[in-house]
Amino acid sequence: MPFRLREDAERWFKELDGKEPAKTKFDLYYFCLMAGLASGRTSDPAAFGAREIIDEFIQDYQPAQRLLIGLLVAAEVRRGGIDLGEKTAVRAVFRRLVTPESKTQLTDEGMRCMNAYASGGYDYLAECRDSAPASPEEFVRDFVSLMADAVEAGTAS
Amino acid sequence: MRIEIAGWESEGLRCPDVSVDLRRDGRVPPVALVQMPNGTGKTTTLELLNAALSGSAQNWRPEHVRGYRRGREGSVGRFKANLLADGKPLSIELLLDYSTGQASYRSTSPGSGGVVQVYRVPPSMDRFFRPEFLRLFIFDGEFAGRLLDGGQAEADRVVDALCQVYLLHDAASFARDYWERESRATDTTRTEAGLDRLRVRRNRLSGREARVAEELDRAKAEIGTLSTAMGELREKIRKRIDSVAETRGLRDEAESERGAARSDVAERRAKLMTALRLPHAIHPDLADRLVELRDNLDRVRLPENTSAQFFEELVEEEDCICGRPMDEAAREQIRARAERYLDADDSGVINALKQDISRYTEQPEDGEEDAGYARVVRLRAELTEAVRRERLADQRFRVLMDRLIDAGDKELEAWQAEVEEKEERAKERQRLVDEIEGLGVGDPRAETSKSLRVIRREIGKLNDRIAQIEGTVRLRRQTELIASLLDEAGERARMTIKAELLDECNRRLSVILENDPLTIDRIDRSIRLRGQRGASAGQTLAIGYTFLMSVLNRGQNDFPLVVDSPAGPIDKGVRRRVGRLLPTLCSQFLGFTINTERDGFVDALESRVDDIAYLTLFRKTSGTRRMLEAVPENGYTETRNAVLVDDRDYFFGFDIEEEEENAVQAS
């Protein structure tokens, strides 16, 4: 199962799309994903129209691959109201989301979850900003602030 | 299809316990006469035969069921009809439970090879065994009367049933029912008017879609034109600045400074982006979440210790965990079998995740002064500073332009004003493009939204609905056409058949009633006689036979004709003529008679048919003792309460006196 970026998110990021330093679609997906994981927001990307971008972590993100999986597991543990000390429940979350059999090391359900956080993250970003990003340098700087707000929103929820 | 009655069995019922087998050498004779004195249960036998064949007893009330009980004898009654369907045996057994008042069935179908505890006839016979059909070949005098009753439509129903005209009506009903079902399942808006409303709305939205799409094309084209025009104007402005000696050198300097600033922004931007690609660096809380996850995994010992490392360590031990010394053979077995016990799913990923968390969250990357969030914060500040310097460089360029404008360069001023105006227009056009290409959030109504997505989605929905309803409306036209054709075909078939039946019946009546001529004028719901309104009992029965036999004789199927008192109310001459005709008009005639009907009728039957079964059935009572004494040595069956004699001479010699008959009826 591939990573999916919402079509409206792609349009929203059009001033960044293909331009340095966020030159790949995966960069745009990553911005959305991080906002979703930080805020705990999810939504169904299929409901908005989403395009498949790639079925593996691109080279720029390979160092981050397992950290992202860890954040996904942590987000799902939190969403399920599971205490990290509950071994069986945590084990079950890993089994549901993680597999060594795929290139992404995510099960289909794990990938569906990740895409749901990316979709929810885009919702969060679009709501928090009055307008779409005007330039890459403007957005990457703002992203740090947006993420601080997202973490706060995620902690409060 | 040929259906024959091979016999019946009754036990524990109002009629005598008896087992009647009509077959002679395995064949059912074309005529069988069962002579039963009044009170022996002729009517009951025919009712039970009808109920067995039709399955109608399932709907009987308890008191109706109990009405078949003979006095207070027994708790169960049983009637079994034995048939031959195209020569294959079929039995239907009706069971009456007097204690519960319930009727049930047991069936054996041809080819099924077994008994089922329900009423079941083969599908090919089902339509012939409906009550309205059965009353045609299990005939009684009342039915003949109804054929002539102008207030009823019995004659039409007979034509429909026996000539199977009803199949055309059934097919028409099926077509109409099919449309009803389909239209209910699809949409409630089934009418042309409803469809028109949807089409109008769809067409209106399609027009809107086309207009909005054109607007989008125009806006994009205008943005392109504006962009070109702005580029040309900016180039003119740059050349004008260069053309003035006072600003030429300064522009070079400003441009150089702006270039350097832009490079710096690009470099800082790239560094910040690289730092942001490690998720734990984006915010300390994210790093904390990862560390917390790792620490808890360690604490609860995940992944489990069923890892390769366990077995690797075990084979290095001197003793196995079972206490036995670890020799080379044991080591080899452990290595070979370890695979079965390894948790080969996600343990590796979990361990790698824990390692990555430790690696990235605890140490700065090689050669870096800081790491994680601290580094992001530093790089972000550096980028902010670079952006500020770039803006300053841009402003210097603008200052040069303003200086020339202030010196009176009206043309430059106009160019700059035009650039600003075009920038505004381009922004406004871009907002429109965004709106048209957007999701339409905030204005989901397709009639007012500018979002092509919203409009197209609604058009898609309308098209789906229209297609569904068009299908339903088309289906309605088609099913109505089929139904009306079938109705018309049924009506024409009925008229043609009636005309042919009229001729046929009148021809036969002229023979049967040659001494008392009577003519059918028309068959219009009932049989209408020419020149007279009613008929005698004998005439009615003769007309009933004639009509029914004419109809029976037309179909592709052969049915038995079962008649209670076939010659009762008709005079000897008519009996004789009916008796001669009956065997030629049906494949099996089964008549339940009394001794007084023999004269004229049976002689006439014998004159036409060699193979006739003569059965006499009477109850064992004080009144029938004389008959019992007279039974032939062979050819009779005696049951608990009745005697069945299969003998022609006995049949003809059977005579019951009035006092004996009274005794039978009283029993």
# chains A, B, ... in the order shown; residues from 1 in each chain; ligands from 1

$ interface_residues --of "chain B" --to "chain A" --cutoff "7 Å" --atoms "only C-alpha atoms" --output "VMD selection string"
chain B and resid 269 to 270 273 277 to 279 282 to 283 289 to 290 293 296 300 345 to 346 349 353 356 to 357 380 438

$ write_last_selection --atoms "N, CA and C atoms" --output "PDB file, in the first residue's frame"
ATOM      1  N   ARG B 269      17.750  27.728   4.219  1.00  0.00           N
ATOM      2  CA  ARG B 269      16.468  27.047   4.022  1.00  0.00           C
ATOM      3  C   ARG B 269      16.696  25.535   3.874  1.00  0.00           C
ATOM      4  N   ALA B 270      17.700  25.190   3.062  1.00  0.00           N
ATOM      5  CA  ALA B 270      17.999  23.772   2.832  1.00  0.00           C
ATOM      6  C   ALA B 270      18.455  23.105   4.125  1.00  0.00           C
ATOM      7  N   MET B 273      15.521  22.601   6.382  1.00  0.00           N
ATOM      8  CA  MET B 273      14.674  21.502   5.892  1.00  0.00           C
ATOM      9  C   MET B 273      15.300  20.152   6.221  1.00  0.00           C
ATOM     10  N   ARG B 277      13.700  17.130   8.688  1.00  0.00           N
ATOM     11  CA  ARG B 277      13.364  15.781   8.213  1.00  0.00           C
ATOM     12  C   ARG B 277      13.576  14.700   9.284  1.00  0.00           C
ATOM     13  N   LEU B 278      14.172  15.073  10.382  1.00  0.00           N
ATOM     14  CA  LEU B 278      14.217  14.129  11.519  1.00  0.00           C
ATOM     15  C   LEU B 278      13.096  14.540  12.479  1.00  0.00           C
ATOM     16  N   PRO B 279      12.084  13.713  12.599  1.00  0.00           N
ATOM     17  CA  PRO B 279      10.862  14.158  13.297  1.00  0.00           C
ATOM     18  C   PRO B 279      11.065  14.525  14.757  1.00  0.00           C
ATOM     19  N   ILE B 282      11.721  18.280  15.460  1.00  0.00           N
ATOM     20  CA  ILE B 282      10.752  19.330  15.183  1.00  0.00           C
ATOM     21  C   ILE B 282      10.226  19.962  16.477  1.00  0.00           C
ATOM     22  N   HIS B 283      10.102  19.114  17.504  1.00  0.00           N
ATOM     23  CA  HIS B 283       9.623  19.645  18.780  1.00  0.00           C
ATOM     24  C   HIS B 283      10.102  18.714  19.901  1.00  0.00           C
ATOM     25  N   ARG B 289       8.234  11.732  23.341  1.00  0.00           N
ATOM     26  CA  ARG B 289       7.308  10.611  23.061  1.00  0.00           C
ATOM     27  C   ARG B 289       8.097   9.369  22.637  1.00  0.00           C
ATOM     28  N   LEU B 290       9.118   9.592  21.790  1.00  0.00           N
ATOM     29  CA  LEU B 290       9.914   8.458  21.308  1.00  0.00           C
ATOM     30  C   LEU B 290      10.710   7.830  22.450  1.00  0.00           C
ATOM     31  N   LEU B 293       8.483   5.863  24.640  1.00  0.00           N
ATOM     32  CA  LEU B 293       8.120   4.584  24.008  1.00  0.00           C
ATOM     33  C   LEU B 293       9.257   3.577  24.182  1.00  0.00           C
ATOM     34  N   ASN B 296       9.613   2.373  27.820  1.00  0.00           N
ATOM     35  CA  ASN B 296       8.551   1.440  28.219  1.00  0.00           C
ATOM     36  C   ASN B 296       8.702   0.090  27.541  1.00  0.00           C
ATOM     37  N   VAL B 300       8.858  -3.269  29.745  1.00  0.00           N
ATOM     38  CA  VAL B 300       7.956  -4.440  29.639  1.00  0.00           C
ATOM     39  C   VAL B 300       8.588  -5.572  28.821  1.00  0.00           C
ATOM     40  N   ASP B 345       8.389 -12.013  13.490  1.00  0.00           N
ATOM     41  CA  ASP B 345       7.600 -10.961  12.866  1.00  0.00           C
ATOM     42  C   ASP B 345       8.253  -9.596  13.018  1.00  0.00           C
ATOM     43  N   ASP B 346       7.856  -8.875  14.036  1.00  0.00           N
ATOM     44  CA  ASP B 346       8.286  -7.489  14.090  1.00  0.00           C
ATOM     45  C   ASP B 346       9.354  -7.214  15.147  1.00  0.00           C
ATOM     46  N   VAL B 349      12.174  -5.117  13.861  1.00  0.00           N
ATOM     47  CA  VAL B 349      11.817  -3.712  13.639  1.00  0.00           C
ATOM     48  C   VAL B 349      11.777  -2.970  14.962  1.00  0.00           C
ATOM     49  N   LEU B 353      14.026   0.117  15.965  1.00  0.00           N
ATOM     50  CA  LEU B 353      13.373   1.371  16.371  1.00  0.00           C
ATOM     51  C   LEU B 353      13.994   1.878  17.671  1.00  0.00           C
ATOM     52  N   ASP B 356      17.364   3.326  16.937  1.00  0.00           N
ATOM     53  CA  ASP B 356      17.289   4.638  16.251  1.00  0.00           C
ATOM     54  C   ASP B 356      16.915   5.736  17.232  1.00  0.00           C
ATOM     55  N   ILE B 357      15.987   5.419  18.134  1.00  0.00           N
ATOM     56  CA  ILE B 357      15.577   6.447  19.114  1.00  0.00           C
ATOM     57  C   ILE B 357      16.786   6.841  19.956  1.00  0.00           C
ATOM     58  N   ARG B 380      16.561  27.956  12.112  1.00  0.00           N
ATOM     59  CA  ARG B 380      15.392  28.780  11.798  1.00  0.00           C
ATOM     60  C   ARG B 380      15.725  30.261  11.994  1.00  0.00           C
ATOM     61  N   GLY B 438     -10.760  24.552  -5.922  1.00  0.00           N
ATOM     62  CA  GLY B 438     -10.801  24.127  -4.520  1.00  0.00           C
ATOM     63  C   GLY B 438     -11.912  23.142  -4.230  1.00  0.00           C
TER      64      GLY B 438
END

$ residues_around --residues "Ser99 of chain B" --least-positions-apart "3" --cutoff "10 Å" --atoms "only C-alpha atoms" --output "list in words"
Pro62, Val65, Arg66, Gly74, Ser75, Val76, Leu96 and Gln102 of chain B

$ write_last_selection --atoms "N, CA and C atoms" --output "compact mmCIF listing (two decimals), in the first residue's frame"
# COMPACT_ATOMS: atom_id res chain seq x y z
N PRO B 62 -59.37 -26.26 13.58
CA PRO B 62 -59.40 -27.50 14.39
C PRO B 62 -60.77 -28.19 14.36
N VAL B 65 -61.16 -30.10 11.21
CA VAL B 65 -60.36 -31.34 11.26
C VAL B 65 -61.11 -32.40 12.07
N ARG B 66 -61.58 -31.97 13.25
CA ARG B 66 -62.25 -32.92 14.14
C ARG B 66 -63.57 -33.42 13.56
N GLY B 74 -60.66 -43.43 17.86
CA GLY B 74 -59.29 -43.07 17.44
C GLY B 74 -58.94 -41.61 17.67
N SER B 75 -57.66 -41.33 17.60
CA SER B 75 -57.21 -39.94 17.77
C SER B 75 -56.60 -39.38 16.48
N VAL B 76 -56.44 -40.26 15.46
CA VAL B 76 -55.81 -39.82 14.22
C VAL B 76 -56.60 -40.35 13.03
N LEU B 96 -54.82 -36.33 9.99
CA LEU B 96 -55.62 -35.45 10.83
C LEU B 96 -55.46 -35.87 12.28
N GLN B 102 -55.01 -30.48 14.25
CA GLN B 102 -54.05 -30.11 13.21
C GLN B 102 -54.10 -31.09 12.04

$ closest_residue --among "B:Thr496, B:Ser550, B:Ser10, B:Gln164" --to "Thr45 of chain B" --atoms "only C-alpha atoms"
B:Ser10

$ select_by_dssp --residues "segment 48-111 of chain A" --states "strand (DSSP E or B)" --output "PyMOL selection string"
chain A and resi 50-54+98+106

$ atom_distance --atom1 "atom CA of Lys498 of chain B" --atom2 "atom CA of Leu162 of chain B"
12.1 Å

$ residues_around --residues "Leu400 of chain B" --least-positions-apart "6" --cutoff "12 Å" --atoms "only C-alpha atoms" --output "list in words"
Ile237, Arg238, Arg240, Ile241, Asp242, Val244, Ala245, Glu246, Thr247, Arg248, Gly249, Leu250, Arg251, Asp252, Glu253, Ala254, Glu255, Ala393, Asp394, Asp406, Ala407 and Leu412 of chain B

$ write_last_selection --atoms "C-alpha atoms" --output "compact mmCIF listing (two decimals), in the first residue's frame"
# COMPACT_ATOMS: atom_id res chain seq x y z
CA ILE B 237 12.18 49.42 -15.36
CA ARG B 238 15.55 47.67 -14.98
CA ARG B 240 15.58 52.53 -17.39
CA ILE B 241 17.52 52.39 -14.09
CA ASP B 242 20.57 51.17 -16.02
CA VAL B 244 20.64 56.62 -15.94
CA ALA B 245 24.27 57.15 -14.94
CA GLU B 246 23.35 58.16 -11.43
CA THR B 247 21.65 54.83 -10.63
CA ARG B 248 23.54 52.43 -12.96
CA GLY B 249 26.35 51.53 -10.53
CA LEU B 250 24.05 51.41 -7.61
CA ARG B 251 21.75 48.95 -9.37
CA ASP B 252 24.69 46.57 -9.98
CA GLU B 253 25.59 46.81 -6.35
CA ALA B 254 22.02 46.27 -5.20
CA GLU B 255 21.58 43.34 -7.52
CA ALA B 393 18.44 44.09 -0.76
CA ASP B 394 15.08 44.17 -2.51
CA ASP B 406 10.94 61.39 -7.66
CA ALA B 407 13.23 63.06 -10.22
CA LEU B 412 8.84 54.87 -14.94

$ closest_residue --among "A:Arg112, A:Ala35, A:Thr24, A:Ala156" --to "Glu127 of chain A" --atoms "only C-alpha atoms"
A:Ala35

$ residues_around --residues "Trp179 of chain B" --least-positions-apart "6" --cutoff "7 Å" --atoms "only C-alpha atoms" --output "PyMOL selection string"
chain B and resi 475-476+479

$ write_last_selection --atoms "C-alpha atoms" --output "CSV table (one decimal), in the first residue's frame"
chain,number,residue,atom,x,y,z
B,475,LEU,CA,-38.7,-0.8,-17.7
B,476,ARG,CA,-42.2,0.4,-16.9
B,479,THR,CA,-43.3,-4.3,-18.8

$ closest_residue --among "A:Leu146, A:Arg78, A:Met1, A:Leu33" --to "Ser102 of chain A" --atoms "only C-alpha atoms"
A:Met1

$ closest_residue --among "A:Ala153, A:Lys25, A:Ile54, A:Gly18" --to "Tyr124 of chain A" --atoms "only C-alpha atoms"
A:Ala153

$ atom_distance --atom1 "atom CA of Leu617 of chain B" --atom2 "atom CA of Val574 of chain B"
26.2 Å

$ residues_around --residues "Ala47 of chain A" --least-positions-apart "2" --cutoff "12 Å" --atoms "only C-alpha atoms" --output "list in words"
Arg6, Glu7, Asp8, Ser43, Asp44, Pro45, Gly49, Ala50, Arg51, Ala116, Ser119 and Gly120 of chain A; Leu439 of chain B

$ decode --residues "segment 130-145 of chain A" --atoms "N, CA and C atoms" --output "PDB file, in the first residue's frame"
ATOM      1  N   ASP A 130      -4.073  31.274   7.620  1.00  0.00           N
ATOM      2  CA  ASP A 130      -5.090  32.030   6.877  1.00  0.00           C
ATOM      3  C   ASP A 130      -4.986  31.775   5.384  1.00  0.00           C
ATOM      4  N   SER A 131      -3.769  31.510   4.945  1.00  0.00           N
ATOM      5  CA  SER A 131      -3.584  31.340   3.499  1.00  0.00           C
ATOM      6  C   SER A 131      -2.592  30.211   3.244  1.00  0.00           C
ATOM      7  N   ALA A 132      -2.583  29.780   2.009  1.00  0.00           N
ATOM      8  CA  ALA A 132      -1.647  28.730   1.615  1.00  0.00           C
ATOM      9  C   ALA A 132      -0.224  29.276   1.675  1.00  0.00           C
ATOM     10  N   PRO A 133       0.777  28.408   1.818  1.00  0.00           N
ATOM     11  CA  PRO A 133       2.163  28.890   1.892  1.00  0.00           C
ATOM     12  C   PRO A 133       2.531  29.723   0.660  1.00  0.00           C
ATOM     13  N   ALA A 134       3.199  30.853   0.913  1.00  0.00           N
ATOM     14  CA  ALA A 134       3.546  31.740  -0.198  1.00  0.00           C
ATOM     15  C   ALA A 134       4.913  31.406  -0.765  1.00  0.00           C
ATOM     16  N   SER A 135       5.803  30.891   0.070  1.00  0.00           N
ATOM     17  CA  SER A 135       7.147  30.547  -0.409  1.00  0.00           C
ATOM     18  C   SER A 135       7.723  29.476   0.500  1.00  0.00           C
ATOM     19  N   PRO A 136       8.720  28.719   0.002  1.00  0.00           N
ATOM     20  CA  PRO A 136       9.295  27.651   0.837  1.00  0.00           C
ATOM     21  C   PRO A 136       9.907  28.180   2.130  1.00  0.00           C
ATOM     22  N   GLU A 137      10.662  29.299   2.018  1.00  0.00           N
ATOM     23  CA  GLU A 137      11.323  29.784   3.233  1.00  0.00           C
ATOM     24  C   GLU A 137      10.323  30.289   4.258  1.00  0.00           C
ATOM     25  N   GLU A 138       9.236  30.852   3.735  1.00  0.00           N
ATOM     26  CA  GLU A 138       8.201  31.327   4.655  1.00  0.00           C
ATOM     27  C   GLU A 138       7.572  30.125   5.373  1.00  0.00           C
ATOM     28  N   PHE A 139       7.294  29.055   4.640  1.00  0.00           N
ATOM     29  CA  PHE A 139       6.590  27.931   5.253  1.00  0.00           C
ATOM     30  C   PHE A 139       7.472  27.130   6.208  1.00  0.00           C
ATOM     31  N   VAL A 140       8.753  26.863   5.801  1.00  0.00           N
ATOM     32  CA  VAL A 140       9.569  26.024   6.697  1.00  0.00           C
ATOM     33  C   VAL A 140       9.804  26.707   8.045  1.00  0.00           C
ATOM     34  N   ARG A 141       9.882  28.039   8.006  1.00  0.00           N
ATOM     35  CA  ARG A 141      10.036  28.741   9.288  1.00  0.00           C
ATOM     36  C   ARG A 141       8.745  28.663  10.092  1.00  0.00           C
ATOM     37  N   ASP A 142       7.630  28.876   9.384  1.00  0.00           N
ATOM     38  CA  ASP A 142       6.338  28.843  10.073  1.00  0.00           C
ATOM     39  C   ASP A 142       6.018  27.439  10.571  1.00  0.00           C
ATOM     40  N   PHE A 143       6.520  26.434   9.858  1.00  0.00           N
ATOM     41  CA  PHE A 143       6.220  25.048  10.203  1.00  0.00           C
ATOM     42  C   PHE A 143       6.625  24.721  11.643  1.00  0.00           C
ATOM     43  N   VAL A 144       7.753  25.276  12.054  1.00  0.00           N
ATOM     44  CA  VAL A 144       8.236  25.006  13.411  1.00  0.00           C
ATOM     45  C   VAL A 144       7.210  25.535  14.428  1.00  0.00           C
ATOM     46  N   SER A 145       6.673  26.734  14.157  1.00  0.00           N
ATOM     47  CA  SER A 145       5.664  27.296  15.065  1.00  0.00           C
ATOM     48  C   SER A 145       4.368  26.494  15.005  1.00  0.00           C
TER      49      SER A 145
END
